[in-house]
Number of protein chains: 2
Amino acid sequence: MAFDAIETPFGKVDRIVGGSATYVAYAAGNFIQPIQLVSIVGNDFPEAEMAELRRRGVDLAGVEIVPDQKSFFWSGRYHMDMNTRDTLITDLNVLANFNPTIPDSYQGAEFLMLGNGVPKLQSSVIRQMKKRPKLIVLDTMNFWMETALDDLHEALTLTDVLMVNDSEVRQLTGEFSIVKAAKKILQMGPKYLIVKKGEHGALLFHENHVFFAPALPLEEVFDPTGAGDTFAGGFIGYLAKTKDISFENMKTAIIMGSAMASFCVEKFGPDRLKEVTQKDIDARVQQFVELVQFDIDLV
Amino acid sequence: MAFDAIETPFGKVDRIVGGSATYVAYAAGNFIQPIQLVSIVGNDFPEAEMAELRRRGVDLAGVEIVPDQKSFFWSGRYHMDMNTRDTLITDLNVLANFNPTIPDSYQGAEFLMLGNGVPKLQSSVIRQMKKRPKLIVLDTMNFWMETALDDLHEALTLTDVLMVNDSEVRQLTGEFSIVKAAKKILQMGPKYLIVKKGEHGALLFHENHVFFAPALPLEEVFDPTGAGDTFAGGFIGYLAKTKDISFENMKTAIIMGSAMASFCVEKFGPDRLKEVTQKDIDARVQQFVELVQFDIDLV
């Protein structure tokens, strides 16, 4: 949970609520409740946002509030392609001493989504769960590959699904071919690998199977911040709702994640996510069905 | 029809048969025969290749042989990503004075594929057809946008389907958003736009509809030369076989083109295309079906 300042070719916001936990929660809450959040904020995080999250079935028992510090702040500027961005400011603030503690009331959770963060802390969260969750999904980034690779490898051994982008897959394995890279990653611990490719969709690898999920071609991508976390929230939210972690159901979950992400980018921050209704989601998912549907009569 | 010298991170060939007409013919011949080729070669083009093409139902009545000149020659080096390449040598040779003439025996052809080339000549071929073909597909490239834009715009007014890559779509329209660019192109003449995105698949735009075709995630892309032309050949070959130019059938045709292209990149030049059987094609198409198939129960 954080504040972001974002500049895109289409506009600018100086301070907007962000953070992967926020996006995951807003997205997942459309599929299942409660969402049990673990995070840390300072004295500046708006009570109104907390109330909005609670209203959407988000349990905040695991959110630590540090009274004499500020929340994490990130500022970035997106390039024209919206796939690349420059980080302008990173103020760790409360995140510098974050040591996530799982409340007793969260014990027994069956689905665990570990947002991008310090790999050691991701492992710590997993180890705090007395009963291993049915499914553990982990997001990470190039920064941890460069600064905490051993810790990341350890976290991977505890993980079921790794969710990263294509350049991170290449960096983690040293393989340019995504297929070769996927084979290596599936030896590192995760049984599933999701490769996020932004406007080019996503790939799901499992054993010798692969699934290709499209991204909806959008006229305007207003702000891509949080799209990956929103994707993750839709993905794990749908799995938790259906309680089915088969490869077949994960494909559908990826479509749900992609649909949620396609809303996220339509406005700055999580604003659009707060507006969408079940009807909007159904209609958007239907667009994905139509986008890839074709008939083959083998001749 | 040409010779290529190709360097990729995986190997090198000094002189191999190439040219868009060659790839289109080898691919399309799997779906329908005869394929009526229009091209130009010098005295160096191997008779064995001509015989092989004829054996696969390719009519060479429209192929001009210039006895005292050499065939077009292109040499290039691919980068690691296999999506970008440097041109090392371009020897126009016979192509410098190419003025395609449609043989009388080709009149009445219902499906016309115009490979990448001088836009004025593409228009000339269309105008030589006494009865307008049922479907005219045009490929082009950034070079013609820079050197013959007016001619290209004229050719587009005569065309049904434009087939280009994503950077060319952006260059032709000045729009970064592919969706916005597609809207502009559908005002320029073509009723259909196919955007080729290499390893990221292809998009088909028509009116307000869009279809997203995946590319098969391949362990190794050996040589991408001719993949776009092979895609085009599979696409128009399937349409000509089925004689159905609806949007629905074009989706299937794109899958056929993608399947053929996925073979093309497995070996240097058109070698792999000469080996594939109908059984191979059926199995590959089935992989595409599995690649994008998912179940949605809207809830």
# chains A, B, ... in the order shown; residues from 1 in each chain; ligands from 1

$ interface_residues --of "chain B" --to "chain A" --cutoff "7 Å" --atoms "only C-alpha atoms" --output "MDAnalysis selection string"
chainID B and resid 177 179:180 200 210:214 217:220 251:252 282 291:292 294:296 298

$ residues_around --residues "range 59-71 of chain A" --least-positions-apart "4" --cutoff "10 Å" --atoms "only C-alpha atoms" --output "PyMOL selection string"
chain A and resi 1-3+25+33-45+50-51+53-55+91-95+98-106

$ closest_residue --among "B:Ser124, B:Phe143, B:Met188, B:Thr230" --to "Gly18 in chain B" --atoms "only C-alpha atoms"
B:Thr230

$ atom_distance --atom1 "CA of Gly198 in chain B" --atom2 "CA of Val118 in chain B"
23.3 Å

$ atom_distance --atom1 "CA of Pro9 in chain B" --atom2 "CA of His79 in chain B"
7.1 Å

$ select_by_dssp --residues "range 60-143 of chain B" --states "strand (DSSP E)" --output "PDB file with all heavy atoms, in the first residue's frame"
ATOM      1  N   LEU B  60       4.421 -21.471 -63.577  1.00  0.00           N
ATOM      2  CA  LEU B  60       5.497 -20.482 -63.718  1.00  0.00           C
ATOM      3  C   LEU B  60       5.401 -19.683 -65.020  1.00  0.00           C
ATOM      4  O   LEU B  60       6.361 -19.014 -65.417  1.00  0.00           O
ATOM      5  CB  LEU B  60       6.862 -21.178 -63.614  1.00  0.00           C
ATOM      6  CG  LEU B  60       7.100 -21.966 -62.320  1.00  0.00           C
ATOM      7  CD1 LEU B  60       8.434 -22.712 -62.371  1.00  0.00           C
ATOM      8  CD2 LEU B  60       7.073 -21.040 -61.101  1.00  0.00           C
ATOM      9  N   ALA B  61       4.224 -19.724 -65.657  1.00  0.00           N
ATOM     10  CA  ALA B  61       4.039 -18.978 -66.920  1.00  0.00           C
ATOM     11  C   ALA B  61       4.332 -17.488 -66.733  1.00  0.00           C
ATOM     12  O   ALA B  61       4.786 -16.815 -67.670  1.00  0.00           O
ATOM     13  CB  ALA B  61       2.614 -19.177 -67.434  1.00  0.00           C
ATOM     14  N   GLY B  62       4.097 -16.974 -65.543  1.00  0.00           N
ATOM     15  CA  GLY B  62       4.303 -15.549 -65.283  1.00  0.00           C
ATOM     16  C   GLY B  62       5.681 -15.223 -64.737  1.00  0.00           C
ATOM     17  O   GLY B  62       5.909 -14.096 -64.278  1.00  0.00           O
ATOM     18  N   VAL B  63       6.588 -16.166 -64.773  1.00  0.00           N
ATOM     19  CA  VAL B  63       7.944 -15.906 -64.271  1.00  0.00           C
ATOM     20  C   VAL B  63       8.879 -15.608 -65.439  1.00  0.00           C
ATOM     21  O   VAL B  63       9.142 -16.468 -66.282  1.00  0.00           O
ATOM     22  CB  VAL B  63       8.484 -17.102 -63.448  1.00  0.00           C
ATOM     23  CG1 VAL B  63       9.919 -16.832 -62.997  1.00  0.00           C
ATOM     24  CG2 VAL B  63       7.582 -17.363 -62.244  1.00  0.00           C
ATOM     25  N   GLU B  64       9.342 -14.398 -65.499  1.00  0.00           N
ATOM     26  CA  GLU B  64      10.228 -13.949 -66.580  1.00  0.00           C
ATOM     27  C   GLU B  64      11.666 -14.365 -66.255  1.00  0.00           C
ATOM     28  O   GLU B  64      12.140 -14.150 -65.139  1.00  0.00           O
ATOM     29  CB  GLU B  64      10.114 -12.421 -66.663  1.00  0.00           C
ATOM     30  CG  GLU B  64      10.827 -11.800 -67.862  1.00  0.00           C
ATOM     31  CD  GLU B  64      10.714 -10.273 -67.839  1.00  0.00           C
ATOM     32  OE1 GLU B  64       9.795  -9.739 -67.156  1.00  0.00           O
ATOM     33  OE2 GLU B  64      11.557  -9.623 -68.476  1.00  0.00           O
ATOM     34  N   ILE B  65      12.338 -14.956 -67.235  1.00  0.00           N
ATOM     35  CA  ILE B  65      13.742 -15.336 -67.034  1.00  0.00           C
ATOM     36  C   ILE B  65      14.615 -14.430 -67.899  1.00  0.00           C
ATOM     37  O   ILE B  65      14.467 -14.403 -69.124  1.00  0.00           O
ATOM     38  CB  ILE B  65      13.979 -16.817 -67.394  1.00  0.00           C
ATOM     39  CG1 ILE B  65      13.068 -17.715 -66.524  1.00  0.00           C
ATOM     40  CG2 ILE B  65      15.443 -17.199 -67.176  1.00  0.00           C
ATOM     41  CD1 ILE B  65      13.074 -19.182 -66.911  1.00  0.00           C
ATOM     42  N   PHE B  72      17.698 -11.285 -58.096  1.00  0.00           N
ATOM     43  CA  PHE B  72      17.766 -10.410 -56.923  1.00  0.00           C
ATOM     44  C   PHE B  72      18.501 -11.131 -55.789  1.00  0.00           C
ATOM     45  O   PHE B  72      18.310 -12.332 -55.565  1.00  0.00           O
ATOM     46  CB  PHE B  72      16.346 -10.041 -56.474  1.00  0.00           C
ATOM     47  CG  PHE B  72      16.277  -9.222 -55.211  1.00  0.00           C
ATOM     48  CD1 PHE B  72      16.629  -7.881 -55.209  1.00  0.00           C
ATOM     49  CD2 PHE B  72      15.852  -9.796 -54.008  1.00  0.00           C
ATOM     50  CE1 PHE B  72      16.568  -7.129 -54.035  1.00  0.00           C
ATOM     51  CE2 PHE B  72      15.783  -9.048 -52.838  1.00  0.00           C
ATOM     52  CZ  PHE B  72      16.135  -7.706 -52.864  1.00  0.00           C
ATOM     53  N   PHE B  73      19.353 -10.385 -55.081  1.00  0.00           N
ATOM     54  CA  PHE B  73      20.121 -10.973 -53.981  1.00  0.00           C
ATOM     55  C   PHE B  73      20.029 -10.087 -52.750  1.00  0.00           C
ATOM     56  O   PHE B  73      20.218  -8.870 -52.828  1.00  0.00           O
ATOM     57  CB  PHE B  73      21.590 -11.134 -54.400  1.00  0.00           C
ATOM     58  CG  PHE B  73      22.481 -11.626 -53.283  1.00  0.00           C
ATOM     59  CD1 PHE B  73      22.513 -12.972 -52.937  1.00  0.00           C
ATOM     60  CD2 PHE B  73      23.300 -10.746 -52.579  1.00  0.00           C
ATOM     61  CE1 PHE B  73      23.335 -13.425 -51.902  1.00  0.00           C
ATOM     62  CE2 PHE B  73      24.118 -11.184 -51.548  1.00  0.00           C
ATOM     63  CZ  PHE B  73      24.136 -12.531 -51.212  1.00  0.00           C
ATOM     64  N   TRP B  74      19.712 -10.696 -51.623  1.00  0.00           N
ATOM     65  CA  TRP B  74      19.637  -9.961 -50.357  1.00  0.00           C
ATOM     66  C   TRP B  74      20.460 -10.689 -49.306  1.00  0.00           C
ATOM     67  O   TRP B  74      20.458 -11.921 -49.243  1.00  0.00           O
ATOM     68  CB  TRP B  74      18.189  -9.860 -49.876  1.00  0.00           C
ATOM     69  CG  TRP B  74      18.045  -9.216 -48.513  1.00  0.00           C
ATOM     70  CD1 TRP B  74      18.029  -7.876 -48.241  1.00  0.00           C
ATOM     71  CD2 TRP B  74      17.903  -9.877 -47.243  1.00  0.00           C
ATOM     72  NE1 TRP B  74      17.887  -7.661 -46.892  1.00  0.00           N
ATOM     73  CE2 TRP B  74      17.810  -8.876 -46.249  1.00  0.00           C
ATOM     74  CE3 TRP B  74      17.860 -11.209 -46.851  1.00  0.00           C
ATOM     75  CZ2 TRP B  74      17.670  -9.166 -44.903  1.00  0.00           C
ATOM     76  CZ3 TRP B  74      17.723 -11.503 -45.498  1.00  0.00           C
ATOM     77  CH2 TRP B  74      17.619 -10.487 -44.528  1.00  0.00           C
ATOM     78  N   SER B  75      21.168  -9.895 -48.524  1.00  0.00           N
ATOM     79  CA  SER B  75      21.948 -10.488 -47.444  1.00  0.00           C
ATOM     80  C   SER B  75      21.649  -9.733 -46.155  1.00  0.00           C
ATOM     81  O   SER B  75      21.625  -8.495 -46.137  1.00  0.00           O
ATOM     82  CB  SER B  75      23.433 -10.396 -47.803  1.00  0.00           C
ATOM     83  OG  SER B  75      24.215 -10.643 -46.668  1.00  0.00           O
ATOM     84  N   GLY B  76      21.412 -10.482 -45.092  1.00  0.00           N
ATOM     85  CA  GLY B  76      21.068  -9.833 -43.823  1.00  0.00           C
ATOM     86  C   GLY B  76      21.538 -10.616 -42.623  1.00  0.00           C
ATOM     87  O   GLY B  76      21.854 -11.804 -42.704  1.00  0.00           O
ATOM     88  N   ARG B  77      21.607  -9.896 -41.515  1.00  0.00           N
ATOM     89  CA  ARG B  77      22.045 -10.499 -40.253  1.00  0.00           C
ATOM     90  C   ARG B  77      20.994 -10.219 -39.184  1.00  0.00           C
ATOM     91  O   ARG B  77      20.652  -9.052 -38.949  1.00  0.00           O
ATOM     92  CB  ARG B  77      23.396  -9.917 -39.835  1.00  0.00           C
ATOM     93  CG  ARG B  77      23.982 -10.601 -38.584  1.00  0.00           C
ATOM     94  CD  ARG B  77      25.208  -9.873 -38.065  1.00  0.00           C
ATOM     95  NE  ARG B  77      26.334  -9.966 -38.982  1.00  0.00           N
ATOM     96  CZ  ARG B  77      27.060  -8.938 -39.417  1.00  0.00           C
ATOM     97  NH1 ARG B  77      26.757  -7.704 -39.031  1.00  0.00           N
ATOM     98  NH2 ARG B  77      28.068  -9.116 -40.246  1.00  0.00           N
ATOM     99  N   TYR B  78      20.482 -11.266 -38.589  1.00  0.00           N
ATOM    100  CA  TYR B  78      19.475 -11.118 -37.540  1.00  0.00           C
ATOM    101  C   TYR B  78      20.116 -10.884 -36.187  1.00  0.00           C
ATOM    102  O   TYR B  78      21.152 -11.461 -35.878  1.00  0.00           O
ATOM    103  CB  TYR B  78      18.588 -12.366 -37.464  1.00  0.00           C
ATOM    104  CG  TYR B  78      17.650 -12.443 -38.626  1.00  0.00           C
ATOM    105  CD1 TYR B  78      18.031 -13.054 -39.815  1.00  0.00           C
ATOM    106  CD2 TYR B  78      16.386 -11.863 -38.563  1.00  0.00           C
ATOM    107  CE1 TYR B  78      17.185 -13.107 -40.904  1.00  0.00           C
ATOM    108  CE2 TYR B  78      15.525 -11.905 -39.640  1.00  0.00           C
ATOM    109  CZ  TYR B  78      15.933 -12.529 -40.811  1.00  0.00           C
ATOM    110  OH  TYR B  78      15.083 -12.559 -41.885  1.00  0.00           O
ATOM    111  N   ARG B  85      16.725  -6.937 -37.787  1.00  0.00           N
ATOM    112  CA  ARG B  85      17.829  -7.427 -38.616  1.00  0.00           C
ATOM    113  C   ARG B  85      18.486  -6.258 -39.324  1.00  0.00           C
ATOM    114  O   ARG B  85      17.875  -5.216 -39.537  1.00  0.00           O
ATOM    115  CB  ARG B  85      17.319  -8.439 -39.635  1.00  0.00           C
ATOM    116  CG  ARG B  85      16.344  -7.853 -40.651  1.00  0.00           C
ATOM    117  CD  ARG B  85      15.718  -8.934 -41.512  1.00  0.00           C
ATOM    118  NE  ARG B  85      14.912  -8.346 -42.580  1.00  0.00           N
ATOM    119  CZ  ARG B  85      14.114  -9.040 -43.376  1.00  0.00           C
ATOM    120  NH1 ARG B  85      14.018 -10.348 -43.259  1.00  0.00           N
ATOM    121  NH2 ARG B  85      13.416  -8.429 -44.318  1.00  0.00           N
ATOM    122  N   ASP B  86      19.745  -6.448 -39.696  1.00  0.00           N
ATOM    123  CA  ASP B  86      20.459  -5.468 -40.504  1.00  0.00           C
ATOM    124  C   ASP B  86      20.578  -6.015 -41.915  1.00  0.00           C
ATOM    125  O   ASP B  86      20.951  -7.177 -42.106  1.00  0.00           O
ATOM    126  CB  ASP B  86      21.878  -5.260 -39.955  1.00  0.00           C
ATOM    127  CG  ASP B  86      21.858  -4.690 -38.541  1.00  0.00           C
ATOM    128  OD1 ASP B  86      20.955  -3.879 -38.258  1.00  0.00           O
ATOM    129  OD2 ASP B  86      22.721  -5.069 -37.738  1.00  0.00           O
ATOM    130  N   THR B  87      20.265  -5.171 -42.888  1.00  0.00           N
ATOM    131  CA  THR B  87      20.499  -5.550 -44.274  1.00  0.00           C
ATOM    132  C   THR B  87      21.959  -5.273 -44.591  1.00  0.00           C
ATOM    133  O   THR B  87      22.466  -4.179 -44.348  1.00  0.00           O
ATOM    134  CB  THR B  87      19.575  -4.749 -45.210  1.00  0.00           C
ATOM    135  OG1 THR B  87      18.240  -5.225 -45.023  1.00  0.00           O
ATOM    136  CG2 THR B  87      19.961  -4.934 -46.658  1.00  0.00           C
ATOM    137  N   LEU B  88      22.667  -6.285 -45.095  1.00  0.00           N
ATOM    138  CA  LEU B  88      24.084  -6.122 -45.411  1.00  0.00           C
ATOM    139  C   LEU B  88      24.269  -5.788 -46.891  1.00  0.00           C
ATOM    140  O   LEU B  88      25.055  -4.927 -47.246  1.00  0.00           O
ATOM    141  CB  LEU B  88      24.848  -7.402 -45.050  1.00  0.00           C
ATOM    142  CG  LEU B  88      24.700  -7.864 -43.585  1.00  0.00           C
ATOM    143  CD1 LEU B  88      25.408  -9.187 -43.356  1.00  0.00           C
ATOM    144  CD2 LEU B  88      25.245  -6.802 -42.629  1.00  0.00           C
ATOM    145  N   ILE B  89      23.558  -6.479 -47.746  1.00  0.00           N
ATOM    146  CA  ILE B  89      23.683  -6.275 -49.194  1.00  0.00           C
ATOM    147  C   ILE B  89      22.295  -6.354 -49.829  1.00  0.00           C
ATOM    148  O   ILE B  89      21.501  -7.223 -49.478  1.00  0.00           O
ATOM    149  CB  ILE B  89      24.564  -7.375 -49.846  1.00  0.00           C
ATOM    150  CG1 ILE B  89      25.944  -7.450 -49.188  1.00  0.00           C
ATOM    151  CG2 ILE B  89      24.684  -7.152 -51.357  1.00  0.00           C
ATOM    152  CD1 ILE B  89      26.764  -8.673 -49.604  1.00  0.00           C
ATOM    153  N   THR B  90      22.006  -5.447 -50.757  1.00  0.00           N
ATOM    154  CA  THR B  90      20.825  -5.568 -51.610  1.00  0.00           C
ATOM    155  C   THR B  90      21.279  -5.382 -53.056  1.00  0.00           C
ATOM    156  O   THR B  90      21.643  -4.274 -53.449  1.00  0.00           O
ATOM    157  CB  THR B  90      19.760  -4.490 -51.288  1.00  0.00           C
ATOM    158  OG1 THR B  90      19.457  -4.552 -49.896  1.00  0.00           O
ATOM    159  CG2 THR B  90      18.492  -4.698 -52.086  1.00  0.00           C
ATOM    160  N   ASP B  91      21.328  -6.451 -53.830  1.00  0.00           N
ATOM    161  CA  ASP B  91      21.638  -6.363 -55.264  1.00  0.00           C
ATOM    162  C   ASP B  91      20.346  -6.550 -56.034  1.00  0.00           C
ATOM    163  O   ASP B  91      19.847  -7.672 -56.181  1.00  0.00           O
ATOM    164  CB  ASP B  91      22.638  -7.464 -55.676  1.00  0.00           C
ATOM    165  CG  ASP B  91      24.040  -7.207 -55.134  1.00  0.00           C
ATOM    166  OD1 ASP B  91      24.339  -6.031 -54.820  1.00  0.00           O
ATOM    167  OD2 ASP B  91      24.816  -8.170 -55.031  1.00  0.00           O
ATOM    168  N   PHE B 111      -8.106 -14.888 -56.362  1.00  0.00           N
ATOM    169  CA  PHE B 111      -7.371 -14.482 -55.154  1.00  0.00           C
ATOM    170  C   PHE B 111      -5.994 -13.985 -55.560  1.00  0.00           C
ATOM    171  O   PHE B 111      -5.249 -14.710 -56.216  1.00  0.00           O
ATOM    172  CB  PHE B 111      -7.276 -15.666 -54.178  1.00  0.00           C
ATOM    173  CG  PHE B 111      -8.611 -16.032 -53.607  1.00  0.00           C
ATOM    174  CD1 PHE B 111      -9.466 -16.886 -54.302  1.00  0.00           C
ATOM    175  CD2 PHE B 111      -9.042 -15.489 -52.404  1.00  0.00           C
ATOM    176  CE1 PHE B 111     -10.718 -17.195 -53.793  1.00  0.00           C
ATOM    177  CE2 PHE B 111     -10.288 -15.794 -51.897  1.00  0.00           C
ATOM    178  CZ  PHE B 111     -11.138 -16.653 -52.592  1.00  0.00           C
ATOM    179  N   LEU B 112      -5.697 -12.750 -55.181  1.00  0.00           N
ATOM    180  CA  LEU B 112      -4.438 -12.125 -55.606  1.00  0.00           C
ATOM    181  C   LEU B 112      -3.631 -11.694 -54.383  1.00  0.00           C
ATOM    182  O   LEU B 112      -4.090 -10.907 -53.561  1.00  0.00           O
ATOM    183  CB  LEU B 112      -4.759 -10.898 -56.477  1.00  0.00           C
ATOM    184  CG  LEU B 112      -3.579 -10.044 -56.939  1.00  0.00           C
ATOM    185  CD1 LEU B 112      -2.579 -10.864 -57.757  1.00  0.00           C
ATOM    186  CD2 LEU B 112      -4.083  -8.844 -57.753  1.00  0.00           C
ATOM    187  N   MET B 113      -2.424 -12.253 -54.272  1.00  0.00           N
ATOM    188  CA  MET B 113      -1.518 -11.872 -53.189  1.00  0.00           C
ATOM    189  C   MET B 113      -0.383 -11.063 -53.789  1.00  0.00           C
ATOM    190  O   MET B 113       0.386 -11.577 -54.606  1.00  0.00           O
ATOM    191  CB  MET B 113      -0.964 -13.146 -52.532  1.00  0.00           C
ATOM    192  CG  MET B 113       0.115 -12.897 -51.485  1.00  0.00           C
ATOM    193  SD  MET B 113      -0.530 -12.134 -49.966  1.00  0.00           S
ATOM    194  CE  MET B 113       0.743 -10.900 -49.616  1.00  0.00           C
ATOM    195  N   LEU B 114      -0.271  -9.800 -53.361  1.00  0.00           N
ATOM    196  CA  LEU B 114       0.796  -8.931 -53.853  1.00  0.00           C
ATOM    197  C   LEU B 114       1.908  -8.896 -52.809  1.00  0.00           C
ATOM    198  O   LEU B 114       1.760  -8.269 -51.756  1.00  0.00           O
ATOM    199  CB  LEU B 114       0.256  -7.527 -54.109  1.00  0.00           C
ATOM    200  CG  LEU B 114      -0.818  -7.461 -55.201  1.00  0.00           C
ATOM    201  CD1 LEU B 114      -1.690  -6.231 -55.035  1.00  0.00           C
ATOM    202  CD2 LEU B 114      -0.178  -7.492 -56.587  1.00  0.00           C
ATOM    203  N   LEU B 135     -10.593 -11.227 -53.931  1.00  0.00           N
ATOM    204  CA  LEU B 135      -9.844 -10.726 -52.768  1.00  0.00           C
ATOM    205  C   LEU B 135      -8.425 -10.356 -53.180  1.00  0.00           C
ATOM    206  O   LEU B 135      -7.707 -11.160 -53.782  1.00  0.00           O
ATOM    207  CB  LEU B 135      -9.784 -11.790 -51.661  1.00  0.00           C
ATOM    208  CG  LEU B 135      -9.293 -11.238 -50.309  1.00  0.00           C
ATOM    209  CD1 LEU B 135     -10.404 -10.464 -49.606  1.00  0.00           C
ATOM    210  CD2 LEU B 135      -8.799 -12.370 -49.408  1.00  0.00           C
ATOM    211  N   ILE B 136      -8.038  -9.126 -52.835  1.00  0.00           N
ATOM    212  CA  ILE B 136      -6.683  -8.646 -53.125  1.00  0.00           C
ATOM    213  C   ILE B 136      -5.992  -8.340 -51.797  1.00  0.00           C
ATOM    214  O   ILE B 136      -6.468  -7.524 -51.009  1.00  0.00           O
ATOM    215  CB  ILE B 136      -6.722  -7.389 -54.016  1.00  0.00           C
ATOM    216  CG1 ILE B 136      -7.396  -7.721 -55.355  1.00  0.00           C
ATOM    217  CG2 ILE B 136      -5.309  -6.836 -54.230  1.00  0.00           C
ATOM    218  CD1 ILE B 136      -7.631  -6.514 -56.262  1.00  0.00           C
ATOM    219  N   VAL B 137      -4.865  -9.014 -51.575  1.00  0.00           N
ATOM    220  CA  VAL B 137      -4.103  -8.848 -50.340  1.00  0.00           C
ATOM    221  C   VAL B 137      -2.768  -8.201 -50.687  1.00  0.00           C
ATOM    222  O   VAL B 137      -2.118  -8.606 -51.663  1.00  0.00           O
ATOM    223  CB  VAL B 137      -3.854 -10.203 -49.652  1.00  0.00           C
ATOM    224  CG1 VAL B 137      -3.106 -10.017 -48.335  1.00  0.00           C
ATOM    225  CG2 VAL B 137      -5.165 -10.950 -49.430  1.00  0.00           C
ATOM    226  N   LEU B 138      -2.370  -7.201 -49.920  1.00  0.00           N
ATOM    227  CA  LEU B 138      -1.142  -6.476 -50.222  1.00  0.00           C
ATOM    228  C   LEU B 138      -0.214  -6.453 -49.019  1.00  0.00           C
ATOM    229  O   LEU B 138      -0.621  -6.156 -47.903  1.00  0.00           O
ATOM    230  CB  LEU B 138      -1.505  -5.047 -50.658  1.00  0.00           C
ATOM    231  CG  LEU B 138      -0.356  -4.132 -51.094  1.00  0.00           C
ATOM    232  CD1 LEU B 138      -0.817  -3.260 -52.275  1.00  0.00           C
ATOM    233  CD2 LEU B 138       0.123  -3.237 -49.970  1.00  0.00           C
ATOM    234  N   ASP B 139       1.035  -6.782 -49.280  1.00  0.00           N
ATOM    235  CA  ASP B 139       2.089  -6.663 -48.272  1.00  0.00           C
ATOM    236  C   ASP B 139       2.980  -5.492 -48.695  1.00  0.00           C
ATOM    237  O   ASP B 139       3.135  -5.220 -49.887  1.00  0.00           O
ATOM    238  CB  ASP B 139       2.903  -7.971 -48.242  1.00  0.00           C
ATOM    239  CG  ASP B 139       3.945  -7.982 -47.109  1.00  0.00           C
ATOM    240  OD1 ASP B 139       3.915  -7.110 -46.231  1.00  0.00           O
ATOM    241  OD2 ASP B 139       4.792  -8.898 -47.131  1.00  0.00           O
TER     242      ASP B 139
END

$ closest_residue --among "B:Lys134, B:Arg15, B:Lys191, B:Lys241" --to "Val161 in chain B" --atoms "only C-alpha atoms"
B:Lys191

$ select_by_dssp --residues "range 38-159 of chain B" --states "alpha helix (DSSP H)" --output "VMD selection string"
chain B and resid 47 to 55 119 to 128 142 to 147 149 to 157
